[in-house]
file structure_0.txt (compact mmCIF, C-alpha atoms and all ligand atoms)
# COMPACT_ATOMS: atom_id res chain seq x y z
CA MET I 1 -34.29 -12.54 2.12
CA GLY I 2 -31.88 -10.56 4.32
CA LEU I 3 -28.27 -11.26 5.11
CA ILE I 4 -29.16 -13.25 8.22
CA THR I 5 -32.06 -15.61 8.77
CA ILE I 6 -33.21 -16.58 12.25
CA ASP I 7 -34.78 -19.93 13.06
CA GLU I 8 -37.33 -18.58 15.53
CA GLY I 9 -37.94 -22.06 16.92
CA ARG I 10 -34.31 -22.31 18.00
CA CYS I 11 -33.43 -18.69 18.84
CA ARG I 12 -33.42 -17.94 22.60
CA LYS I 13 -33.12 -14.18 22.07
CA ASP I 14 -29.91 -14.22 24.13
CA GLY I 15 -28.35 -11.50 21.96
CA PHE I 16 -24.94 -13.19 21.70
CA CYS I 17 -24.87 -12.53 17.95
CA ALA I 18 -25.56 -8.80 18.38
CA ARG I 19 -22.97 -8.46 21.13
CA GLU I 20 -20.36 -10.36 19.11
CA CYS I 21 -20.77 -8.56 15.76
CA PRO I 22 -17.57 -6.46 15.36
CA ALA I 23 -19.37 -4.10 12.99
CA ALA I 24 -22.25 -3.66 15.47
CA ILE I 25 -24.84 -4.06 12.73
CA ILE I 26 -27.07 -6.62 14.49
CA GLU I 27 -29.88 -5.44 16.77
CA LEU I 28 -32.63 -7.06 18.79
CA PRO I 29 -35.81 -5.18 17.96
CA GLY I 30 -39.10 -5.34 19.89
CA ASP I 31 -39.82 -9.02 19.20
CA GLY I 32 -36.33 -9.95 20.48
CA PHE I 33 -35.26 -11.81 17.36
CA PRO I 34 -31.96 -10.50 15.95
CA ARG I 35 -31.87 -8.70 12.64
CA ILE I 36 -29.46 -6.54 10.67
CA LYS I 37 -30.01 -2.85 11.44
CA PRO I 38 -31.90 -1.39 8.47
CA GLY I 39 -29.54 -0.12 5.77
CA ARG I 40 -26.42 -1.49 7.49
CA GLU I 41 -25.90 -4.72 5.49
CA GLU I 42 -22.95 -3.20 3.66
CA GLY I 43 -21.07 -2.96 6.97
CA CYS I 44 -20.91 -6.75 7.29
CA THR I 45 -17.31 -8.05 6.98
CA GLU I 46 -18.55 -11.64 6.63
CA CYS I 47 -16.44 -12.72 9.59
CA GLY I 48 -19.10 -15.27 10.58
CA HIS I 49 -18.88 -14.53 14.30
CA CYS I 50 -22.69 -14.28 14.49
CA VAL I 51 -22.96 -17.84 13.12
CA ALA I 52 -20.08 -19.13 15.25
CA VAL I 53 -21.26 -17.68 18.57
CA CYS I 54 -24.87 -18.93 18.48
CA PRO I 55 -25.11 -21.87 20.92
CA HIS I 56 -28.43 -22.95 19.41
CA ASP I 57 -27.52 -23.01 15.71
CA ALA I 58 -30.35 -20.55 15.14
CA LEU I 59 -28.67 -18.07 12.83
CA ARG I 60 -27.89 -18.52 9.16
CA HIS I 61 -25.84 -16.00 7.19
CA GLU I 62 -26.37 -15.78 3.47
CA ARG I 63 -22.62 -15.58 2.75
CA ILE I 64 -21.36 -18.00 5.41
CA PRO I 65 -22.75 -21.36 4.28
CA ALA I 66 -23.56 -23.77 7.10
CA ALA I 67 -21.96 -26.59 5.10
CA GLY I 68 -18.61 -24.79 5.20
CA SER I 69 -18.90 -23.84 8.87
CA PRO I 70 -18.48 -27.06 10.86
CA ALA I 71 -19.51 -27.35 14.49
CA LEU I 72 -16.50 -27.36 16.82
CA ARG I 73 -15.77 -30.77 18.32
CA ASP I 74 -14.65 -31.01 21.94
CA ASP I 75 -12.93 -34.33 21.26
CA LEU I 76 -10.55 -32.57 18.83
CA ARG I 77 -9.37 -29.89 21.26
CA LEU I 78 -5.62 -30.06 21.97
CA SER I 79 -4.48 -30.39 25.54
CA GLU I 80 -2.01 -27.81 26.83
CA ALA I 81 0.85 -30.33 26.50
CA GLN I 82 -0.19 -31.29 22.96
CA ALA I 83 -0.45 -27.67 21.85
CA ALA I 84 2.89 -26.75 23.44
CA GLN I 85 4.70 -29.67 21.79
CA PHE I 86 2.97 -28.99 18.47
CA LEU I 87 4.16 -25.37 18.45
CA ARG I 88 7.62 -26.06 19.85
CA SER I 89 8.35 -28.96 17.52
CA ARG I 90 7.93 -26.89 14.35
CA ARG I 91 11.38 -26.71 12.75
CA SER I 92 12.94 -25.07 9.72
CA ILE I 93 13.69 -27.82 7.21
CA ARG I 94 16.88 -27.50 5.21
CA HIS I 95 17.17 -31.03 3.85
CA PHE I 96 14.41 -32.16 1.55
CA ALA I 97 13.77 -35.61 0.09
CA ASP I 98 14.02 -35.90 -3.67
CA LYS I 99 10.29 -36.36 -3.92
CA PRO I 100 7.72 -34.11 -5.58
CA VAL I 101 4.83 -32.69 -3.57
CA GLU I 102 1.48 -33.52 -5.15
CA ARG I 103 -0.66 -30.55 -6.20
CA GLU I 104 -3.55 -31.97 -4.19
CA THR I 105 -1.43 -31.87 -1.02
CA ILE I 106 -0.38 -28.27 -1.71
CA ARG I 107 -4.01 -27.39 -2.31
CA LYS I 108 -4.92 -28.99 1.03
CA LEU I 109 -2.29 -26.90 2.81
CA ILE I 110 -3.52 -23.68 1.26
CA GLU I 111 -7.14 -24.67 1.95
CA THR I 112 -6.28 -24.61 5.65
CA ALA I 113 -4.00 -21.56 5.53
CA ARG I 114 -6.85 -19.54 4.05
CA TYR I 115 -8.59 -19.62 7.45
CA ALA I 116 -5.81 -17.41 8.86
CA PRO I 117 -7.01 -14.04 10.15
CA SER I 118 -6.80 -11.06 7.79
CA GLY I 119 -7.31 -7.35 8.38
CA GLY I 120 -11.01 -6.51 8.11
CA ASN I 121 -11.53 -10.16 7.13
CA ARG I 122 -10.56 -9.04 3.63
CA GLN I 123 -9.05 -12.43 2.73
CA GLY I 124 -6.94 -10.78 0.05
CA VAL I 125 -4.03 -13.25 0.12
CA GLU I 126 -3.28 -15.02 -3.16
CA TRP I 127 -0.85 -17.90 -3.75
CA LEU I 128 1.87 -18.62 -6.24
CA VAL I 129 3.28 -22.15 -6.31
CA ILE I 130 6.54 -22.83 -8.15
CA GLY I 131 7.55 -26.45 -8.66
CA ASP I 132 9.77 -26.27 -11.72
CA ARG I 133 13.30 -27.32 -10.72
CA GLY I 134 15.01 -25.22 -13.40
CA ARG I 135 13.13 -22.12 -12.35
CA LEU I 136 13.89 -22.72 -8.67
CA ARG I 137 17.58 -23.07 -9.52
CA LYS I 138 17.46 -19.79 -11.46
CA ILE I 139 15.76 -18.05 -8.52
CA GLY I 140 18.52 -19.34 -6.24
CA ALA I 141 21.26 -18.17 -8.63
CA LEU I 142 19.74 -14.69 -8.95
CA THR I 143 19.50 -14.48 -5.17
CA VAL I 144 23.20 -15.34 -4.86
CA ASP I 145 24.01 -12.69 -7.49
CA TRP I 146 22.29 -10.16 -5.24
CA ILE I 147 24.12 -11.47 -2.15
CA ARG I 148 27.44 -11.10 -3.99
CA LYS I 149 26.68 -7.41 -4.64
CA LEU I 150 25.57 -6.92 -1.05
CA ALA I 151 28.69 -8.64 0.32
CA LYS I 152 30.91 -5.99 -1.30
CA ASP I 153 29.83 -3.69 1.51
CA PRO I 154 31.81 -4.57 4.69
CA ARG I 155 29.01 -3.16 6.85
CA ALA I 156 26.54 -5.62 5.28
CA VAL I 157 28.95 -8.50 5.93
CA ALA I 158 29.45 -7.38 9.54
CA ALA I 159 25.68 -7.19 10.05
CA ALA I 160 25.04 -10.57 8.37
CA PRO I 161 28.07 -12.86 8.88
CA TYR I 162 26.28 -15.68 7.01
CA LEU I 163 26.53 -13.84 3.66
CA LEU I 164 30.06 -14.95 2.70
CA PRO I 165 29.53 -18.61 3.77
CA THR I 166 26.28 -18.61 1.79
CA ILE I 167 28.15 -17.56 -1.37
CA ALA I 168 31.06 -19.97 -0.73
CA ALA I 169 28.75 -22.95 -0.18
CA TRP I 170 26.68 -22.04 -3.28
CA ASP I 171 29.87 -21.92 -5.33
CA ALA I 172 30.78 -25.34 -3.93
CA GLY I 173 27.50 -26.73 -5.26
CA GLN I 174 25.17 -26.45 -2.26
CA ASP I 175 21.78 -24.79 -2.61
CA THR I 176 22.09 -22.35 0.28
CA VAL I 177 19.13 -20.28 -0.87
CA LEU I 178 16.21 -22.66 -1.42
CA ARG I 179 17.87 -25.69 0.22
CA GLY I 180 16.95 -28.00 -2.63
CA ALA I 181 13.25 -27.66 -1.81
CA PRO I 182 11.08 -29.01 -4.64
CA VAL I 183 8.47 -26.28 -4.17
CA LEU I 184 8.37 -22.58 -3.37
CA VAL I 185 5.06 -21.23 -2.08
CA VAL I 186 4.55 -17.48 -2.21
CA ALA I 187 1.70 -15.76 -0.37
CA MET I 188 1.03 -12.35 -1.91
CA ALA I 189 -1.46 -9.52 -1.77
CA PRO I 190 -2.13 -6.51 -4.01
CA ALA I 191 -1.38 -2.94 -2.92
CA GLU I 192 -5.03 -2.17 -2.19
CA VAL I 193 -5.04 -4.70 0.66
CA ALA I 194 -4.01 -2.26 3.39
CA THR I 195 -3.05 -4.97 5.87
CA GLY I 196 -1.41 -7.11 3.16
CA SER I 197 2.09 -7.18 4.68
CA ALA I 198 0.74 -8.73 7.88
CA ASP I 199 -1.86 -10.88 6.10
CA VAL I 200 0.66 -12.71 3.89
CA VAL I 201 2.95 -13.52 6.82
CA ILE I 202 0.10 -14.74 9.01
CA ALA I 203 -1.21 -16.90 6.16
CA GLN I 204 2.25 -18.40 5.66
CA ALA I 205 2.57 -18.99 9.42
CA HIS I 206 -0.61 -21.06 9.25
CA LEU I 207 0.72 -23.02 6.29
CA ASP I 208 4.05 -23.45 8.10
CA LEU I 209 2.34 -24.95 11.15
CA TYR I 210 -0.01 -27.20 9.20
CA ALA I 211 2.68 -28.58 6.85
CA PRO I 212 4.20 -31.12 9.31
CA VAL I 213 0.73 -32.54 9.93
CA LEU I 214 0.74 -33.59 6.26
CA GLY I 215 4.28 -34.94 6.55
CA LEU I 216 5.77 -31.84 4.92
CA GLY I 217 8.47 -29.42 5.97
CA THR I 218 9.05 -25.73 5.31
CA CYS I 219 11.65 -23.02 5.63
CA TRP I 220 11.06 -19.28 5.44
CA ALA I 221 12.92 -17.89 2.41
CA GLY I 222 14.41 -14.74 3.95
CA LEU I 223 17.42 -14.53 1.62
CA LEU I 224 15.11 -14.71 -1.38
CA GLN I 225 12.90 -12.02 0.17
CA GLY I 226 15.91 -9.73 0.45
CA ALA I 227 16.78 -10.36 -3.18
CA MET I 228 13.19 -9.80 -4.32
CA ALA I 229 13.11 -6.44 -2.54
CA ASN I 230 16.30 -5.29 -4.26
CA SER I 231 16.60 -7.16 -7.55
CA PRO I 232 13.85 -6.79 -10.17
CA GLU I 233 15.30 -9.82 -12.03
CA THR I 234 14.76 -12.04 -8.99
CA ARG I 235 11.26 -10.71 -8.49
CA ALA I 236 10.48 -11.34 -12.16
CA ALA I 237 11.87 -14.89 -11.94
CA VAL I 238 9.58 -15.62 -8.98
CA GLY I 239 6.68 -14.14 -10.94
CA VAL I 240 5.06 -11.89 -8.34
CA PRO I 241 2.99 -9.54 -10.52
CA ASP I 242 3.36 -5.76 -10.53
CA GLY I 243 0.98 -4.18 -8.04
CA TYR I 244 1.65 -6.90 -5.44
CA PRO I 245 4.01 -5.26 -2.93
CA HIS I 246 3.10 -7.71 -0.16
CA HIS I 247 4.61 -11.17 -0.40
CA TYR I 248 6.48 -13.81 1.54
CA ALA I 249 7.95 -17.06 0.25
CA LEU I 250 8.29 -20.44 1.97
CA MET I 251 10.27 -23.45 0.78
CA LEU I 252 8.23 -26.64 0.90
CA GLY I 253 8.92 -30.33 0.52
CA TYR I 254 9.09 -33.70 2.24
CA PRO I 255 11.77 -33.50 4.96
CA ASP I 256 14.88 -35.62 4.75
CA VAL I 257 15.63 -34.98 8.41
CA ARG I 258 13.96 -35.83 11.71
CA PHE I 259 14.25 -34.01 15.03
CA PHE I 260 14.12 -35.59 18.47
CA ARG I 261 14.22 -32.56 20.78
CA ALA I 262 12.73 -29.09 20.92
CA PRO I 263 15.75 -26.79 21.35
CA GLU I 264 15.79 -24.04 23.99
CA ARG I 265 15.35 -20.40 22.99
CA LYS I 266 16.17 -17.07 24.68
CA ALA I 267 14.02 -16.08 27.61
CA PRO I 268 11.43 -13.56 26.41
CA LYS I 269 11.92 -9.91 27.26
CA ILE I 270 8.54 -8.87 28.61
CA THR I 271 7.46 -5.47 29.78
CA PHE I 272 4.18 -5.22 31.62
CA THR I 273 3.08 -1.63 32.04
C1 LIG I 301 11.52 -14.34 8.39
C2 LIG I 301 12.43 -15.53 8.35
C3 LIG I 301 13.35 -15.68 7.33
C4 LIG I 301 14.17 -16.79 7.28
N1 LIG I 301 15.01 -16.97 6.22
C5 LIG I 301 15.76 -18.10 6.12
C6 LIG I 301 16.57 -18.35 4.96
O1 LIG I 301 16.61 -17.58 4.01
N2 LIG I 301 17.29 -19.49 4.94
C7 LIG I 301 17.26 -20.40 5.96
O2 LIG I 301 17.93 -21.42 5.88
N3 LIG I 301 16.49 -20.19 7.07
C8 LIG I 301 15.75 -19.08 7.17
N4 LIG I 301 14.94 -18.87 8.27
C9 LIG I 301 14.89 -19.87 9.34
C10 LIG I 301 15.50 -19.36 10.65
O3 LIG I 301 16.88 -19.36 10.54
C11 LIG I 301 14.97 -20.28 11.76
O4 LIG I 301 13.61 -20.04 11.93
C12 LIG I 301 15.69 -20.11 13.09
O5 LIG I 301 17.04 -20.44 12.98
C13 LIG I 301 15.06 -20.98 14.16
O6 LIG I 301 15.03 -22.34 13.80
P1 LIG I 301 13.64 -23.12 13.76
O7 LIG I 301 12.79 -22.45 12.71
O8 LIG I 301 13.94 -24.53 13.42
O9 LIG I 301 13.03 -22.98 15.11
C14 LIG I 301 14.10 -17.76 8.31
C15 LIG I 301 13.16 -17.62 9.34
C16 LIG I 301 12.34 -16.53 9.36
C17 LIG I 301 11.30 -16.43 10.44

call {"tool": "encode", "arguments": {"input": "structure_0.txt", "output": "structure tokens"}}
result
Amino acid sequence: MGLITIDEGRCRKDGFCARECPAAIIELPGDGFPRIKPGREEGCTECGHCVAVCPHDALRHERIPAAGSPALRDDLRLSEAQAAQFLRSRRSIRHFADKPVERETIRKLIETARYAPSGGNRQGVEWLVIGDRGRLRKIGALTVDWIRKLAKDPRAVAAAPYLLPTIAAWDAGQDTVLRGAPVLVVAMAPAEVATGSADVVIAQAHLDLYAPVLGLGTCWAGLLQGAMANSPETRAAVGVPDGYPHHYALMLGYPDVRFFRAPERKAPKITFT
């Protein structure tokens, strides 16, 4: 059996699948029923567009199981107002409830984030989930150690005025690095994933947007990222393996804060050419 199977009773020979295939490996031969061009199966990126675009559910792909490819429901489409509020109401959470996040819930988040786009549909993003309080504290402390070194350079302080307050508040007992989050989620990809730096951020952006739907909150861990890039001890404490240059970390937990407005942002600078 080939990579794709056509239900000839359903297929209308409209050619949508061939037109849609980004690898251009589907053709409509003499009988009009689509097939993979001979010898071109290896070119398939398993993106599933051929399955998704068929209006008649006539095409099956060996590696895109129908059971895992649900039909899109019109009744679940967001209106423009719903989508705008959904996107604008996403907030960075810096106060977390003292409540653990169940592994099942984290799994559910990642299960949705894995549908994020990836270069060449490579799907090379892997996940590291840290929920041990002692380890999170150590990661925070190592990050502050790095910030202390950085803050010795007046140019660094001028460029990032939040560095000194971050150290002062840490010394006063506040977790200014991981904000007391009970979980740190790291998306990472090995060096051979050429688009890994974009893939991990896009995957985290999906997780970030889906988290509030499950009652969770997130905050991008930029200070930690800086420390990981410059301090091997911090990187080792997080546990990103060697050979994984692409990574981004998000704090995760149940929010102990609620927002009532979507704050204004700068007008976009747009250049149409
Ligand atoms: C790449 C990136 C890194 C960030 N790093 C941190 C961080 O280390 N600590 C923190 O408290 N917030 C961090 N933030 C959150 C930003 O400060 C926040 O997104 C911004 O102030 C806008 O607020 P909002 O996310 O609620 O819209 C980061 C955000 C991004 C996108």

call {"tool": "residues_near_ligand", "arguments": {"input": "structure_0.txt", "ligand": "ligand LIG 301 (chain I)", "cutoff": "7 Å", "atoms": "all atoms listed in the file", "output": "number ranges by chain"}}
result
I: 90-92, 94, 177, 219-224

call {"tool": "residues_around", "arguments": {"input": "structure_0.txt", "residues": "segment 54-65 of chain I", "least_positions_apart": "2", "cutoff": "7 Å", "atoms": "all atoms listed in the file", "output": "number ranges by chain"}}
result
I: 3-7, 10-11, 16-17, 46, 48, 50-52, 67-69

call {"tool": "residues_around", "arguments": {"input": "structure_0.txt", "residues": "segment 128-136 of chain I", "least_positions_apart": "2", "cutoff": "9 Å", "atoms": "only C-alpha atoms", "output": "PyMOL selection string"}}
result
chain I and resi 100-101+106+126+138-141+178+180-188+237-240

call {"tool": "closest_residue", "arguments": {"input": "structure_0.txt", "among": "I:Met228, I:Val125, I:Ile147, I:Leu250", "to": "Ala194 of chain I", "atoms": "only C-alpha atoms"}}
result
I:Val125

call {"tool": "residues_around", "arguments": {"input": "structure_0.txt", "residues": "segment 116-119 of chain I", "least_positions_apart": "4", "cutoff": "7 Å", "atoms": "all atoms listed in the file", "output": "list in words"}}
result
Gln123, Thr195, Asp199, Ile202, Ala203 and His206 of chain I

call {"tool": "closest_residue", "arguments": {"input": "structure_0.txt", "among": "I:Asp14, I:His95, I:Arg179, I:Tyr115", "to": "Phe259 of chain I", "atoms": "all atoms listed in the file"}}
result
I:His95

call {"tool": "atom_distance", "arguments": {"input": "structure_0.txt", "atom1": "atom CA of Leu72 of chain I", "atom2": "atom CA of Gln85 of chain I"}}
result
21.9 Å

call {"tool": "atom_distance", "arguments": {"input": "structure_0.txt", "atom1": "atom CA of Tyr254 of chain I", "atom2": "atom CA of Trp127 of chain I"}}
result
19.6 Å

call {"tool": "closest_residue", "arguments": {"input": "structure_0.txt", "among": "I:Ala66, I:Ala24, I:Ile36, I:Ala84", "to": "Ala262 of chain I", "atoms": "all atoms listed in the file"}}
result
I:Ala84

call {"tool": "closest_residue", "arguments": {"input": "structure_0.txt", "among": "I:Asp175, I:Val193, I:Glu27, I:Leu109", "to": "Pro212 of chain I", "atoms": "all atoms listed in the file"}}
result
I:Leu109

call {"tool": "atom_distance", "arguments": {"input": "structure_0.txt", "atom1": "atom CA of Ala168 of chain I", "atom2": "atom CA of Ala236 of chain I"}}
result
25.1 Å
